[in-house]
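Asker: One structure follows; several queries about it will come next.
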Amino acid sequence: MPWDPSQYLKFADHRLRPAIDLLNRVDIESPSVVYDLGAGAGNVTELLARRWPDARVVGVDSSEEMLRRASERAANIEWEVGDISTWRPERPAELIFSNAALHWVAGHGKLFNELMASVAPGGVLAVQMPRNFGALSHTSITDAAMAGPWRQKLEPLLQPAPVGLPSFYIEVLSGVASSLDVWETEYMQVLTGDNPVKEWTKGTWLRPLLDALDEPERGEFEATYSELVARAYPQQPNGTTIFPFKRLFIVAKR
């Protein structure tokens with residue numbers, strides 16, 4: 001799936017805050033190597049490089065478009081094109097960090113076990129994933145996909161919620177982690193602009209469906225979805241839109 005860095009970074013501040021909250025819970029003093037899985041445009045990877053300036057910091061992402069944007073950020077970061085579903089470090093890592101990326105990968109039981117096996121003793125796996133897939137911002141994608149002549153093209157692309165309950169990850173990791181911290185936060189995001197919830201999902205979960213359509217169907221499908229989320233998330237009298245967004249955090253020490 002091609003990524004549009006400019007669309008994704010429209011809400012850079014809101015997307016960055018969970019990464020900072022996750023980073024603040026990582027208790028490692030001086031790792032020699034730090035990996036950022038799903039580095040995207042590199043804004044989170046840059047935070048890791050600032051936190052550990054003496055470490056070798058490697059940002060991994062499957063999108064060459066995103067990594068081209070990322071490469072403009074800092075000269076002291078290595079950028080690696082790779083599939084995060086199968087990527088593993090060349091040797092056990094002291095820190096594997098992943099912000100808003102692993103929900104794109106299926107089979108979390110196997111994935112998280114394999115990632116923990118790639119962490120060195122005393123090292124940390126730190127993960128943040130959105131868990132907002134039951135909200136109207138996301139269920140309206142299904143409603144719009146099923147409501148028009150594009151249904152036959154889009155229905156095969158619809159996916160069940162990719163992130164499990166917190167209890168699932170506790171069960172998966174508790175046998176392989178020496179310490180485990182799992183929590184959820186719902187951010188009450190105050191957005192600006194015209195139908196910002198549509199613009200938000202257009203940079204992520206809506207994108208594969210848009211890419212599957214040609215004009216004019218793409219524009220008609222986007223307009224159908226846009227109308228649904230505009231009703232679900234109405235603009236406030238002051239012109240802002242409140243978009244509650246739930247995220248899951250995991251910090252597992254080997």
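In the structure tokens, the first chain shown is A, the next is B, and so on; residue numbers restart at 1 for each chain, and ligands run from 1 in the order shown.
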So that I can see what lies close to range 14-16 of chain A, please list as a PyMOL selection string the residues with an atom at most 8 Å from it, counting only C-alpha atoms and leaving out residues fewer than 4 positions away in the same chain.

Answerer: chain A and resi 20+43-44+189

Asker: Could you take the residues named above and write them with N, CA and C atoms, as a PDB file, in the first residue's frame?

Answerer:
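Here's the written file out_20.pdb:
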ATOM      1  N   ILE A  20       5.511   9.648  22.723  1.00  0.00           N
ATOM      2  CA  ILE A  20       6.211  10.250  23.863  1.00  0.00           C
ATOM      3  C   ILE A  20       5.777   9.585  25.160  1.00  0.00           C
ATOM      4  N   ASN A  43       9.621  10.908  12.522  1.00  0.00           N
ATOM      5  CA  ASN A  43       9.549  11.868  13.629  1.00  0.00           C
ATOM      6  C   ASN A  43       9.720  11.183  14.986  1.00  0.00           C
ATOM      7  N   VAL A  44       9.233   9.940  15.116  1.00  0.00           N
ATOM      8  CA  VAL A  44       9.430   9.204  16.376  1.00  0.00           C
ATOM      9  C   VAL A  44      10.866   8.700  16.472  1.00  0.00           C
ATOM     10  N   GLN A 189      -8.916  14.080  21.523  1.00  0.00           N
ATOM     11  CA  GLN A 189      -8.218  14.916  20.555  1.00  0.00           C
ATOM     12  C   GLN A 189      -9.127  16.040  20.060  1.00  0.00           C
TER      13      GLN A 189
END

Asker: When you look at range 69-71 of chain A with a cut-off of 9 Å (counting only C-alpha atoms), what residues show up, excluding the ones that are within fewer than 5 positions of it in the same chain? I need them as a PyMOL selection string.

Answerer: chain A and resi 5+39-43+45-46+59+64+77-79

Asker: Could the residues in this selection be saved with C-alpha atoms as an mmCIF file, in the first residue's frame?

Answerer:
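Saved file part05.cif follows:
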data_model
loop_
_atom_site.group_PDB
_atom_site.id
_atom_site.type_symbol
_atom_site.label_atom_id
_atom_site.label_comp_id
_atom_site.auth_asym_id
_atom_site.auth_seq_id
_atom_site.Cartn_x
_atom_site.Cartn_y
_atom_site.Cartn_z
ATOM 1 C CA PRO A 5 3.691 11.236 4.173
ATOM 2 C CA ALA A 39 9.428 4.280 11.488
ATOM 3 C CA GLY A 40 7.269 6.024 8.900
ATOM 4 C CA ALA A 41 8.317 9.627 8.315
ATOM 5 C CA GLY A 42 10.904 9.390 11.089
ATOM 6 C CA ASN A 43 9.549 11.868 13.629
ATOM 7 C CA THR A 45 12.793 7.745 15.358
ATOM 8 C CA GLU A 46 14.285 11.188 15.813
ATOM 9 C CA GLY A 59 14.350 3.046 11.559
ATOM 10 C CA GLU A 64 10.085 3.918 0.531
ATOM 11 C CA ILE A 77 19.848 7.610 11.976
ATOM 12 C CA GLU A 78 19.999 4.573 9.691
ATOM 13 C CA TRP A 79 16.948 3.903 7.512
#

Asker: Extract, using only C-alpha atoms, all DNA, RNA and protein residues at most 9 Å from Ala212 in chain A, discarding same-chain residues fewer than 6 positions from it, and format them as a CSV table (one decimal) with C-alpha atoms, in the first residue's frame.

Answerer:
chain,number,residue,atom,x,y,z
A,153,LYS,CA,-14.3,-4.2,-4.9
A,154,LEU,CA,-14.1,-3.1,-1.3
A,157,LEU,CA,-10.5,-5.4,1.8
A,218,ARG,CA,-13.0,7.0,-5.3

Asker: Using only C-alpha atoms, determine which residues lie at most 10 Å from Gly122 in chain A, disregarding the query and same-chain residues fewer than 5 positions distant; provide the list as a PyMOL selection string.

Answerer: chain A and resi 28+93-95+177-179+252-254

Asker: Please, which residues of range 24-155 of chain A, numbered as in this document, come out helix (DSSP H, G or I) from DSSP, as a ChimeraX atom specification?

Answerer: /A:43-51,64-70,102-104,108-117,136-145,151-155

Asker: Of the residues A:Ala19, A:Met116, A:Ala232, A:Val190, which is the one nearest to Leu173 in chain A, using only C-alpha atoms?

Answerer: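 Checking each candidate against Leu173 in chain A, we get A:Met116 as the closest.
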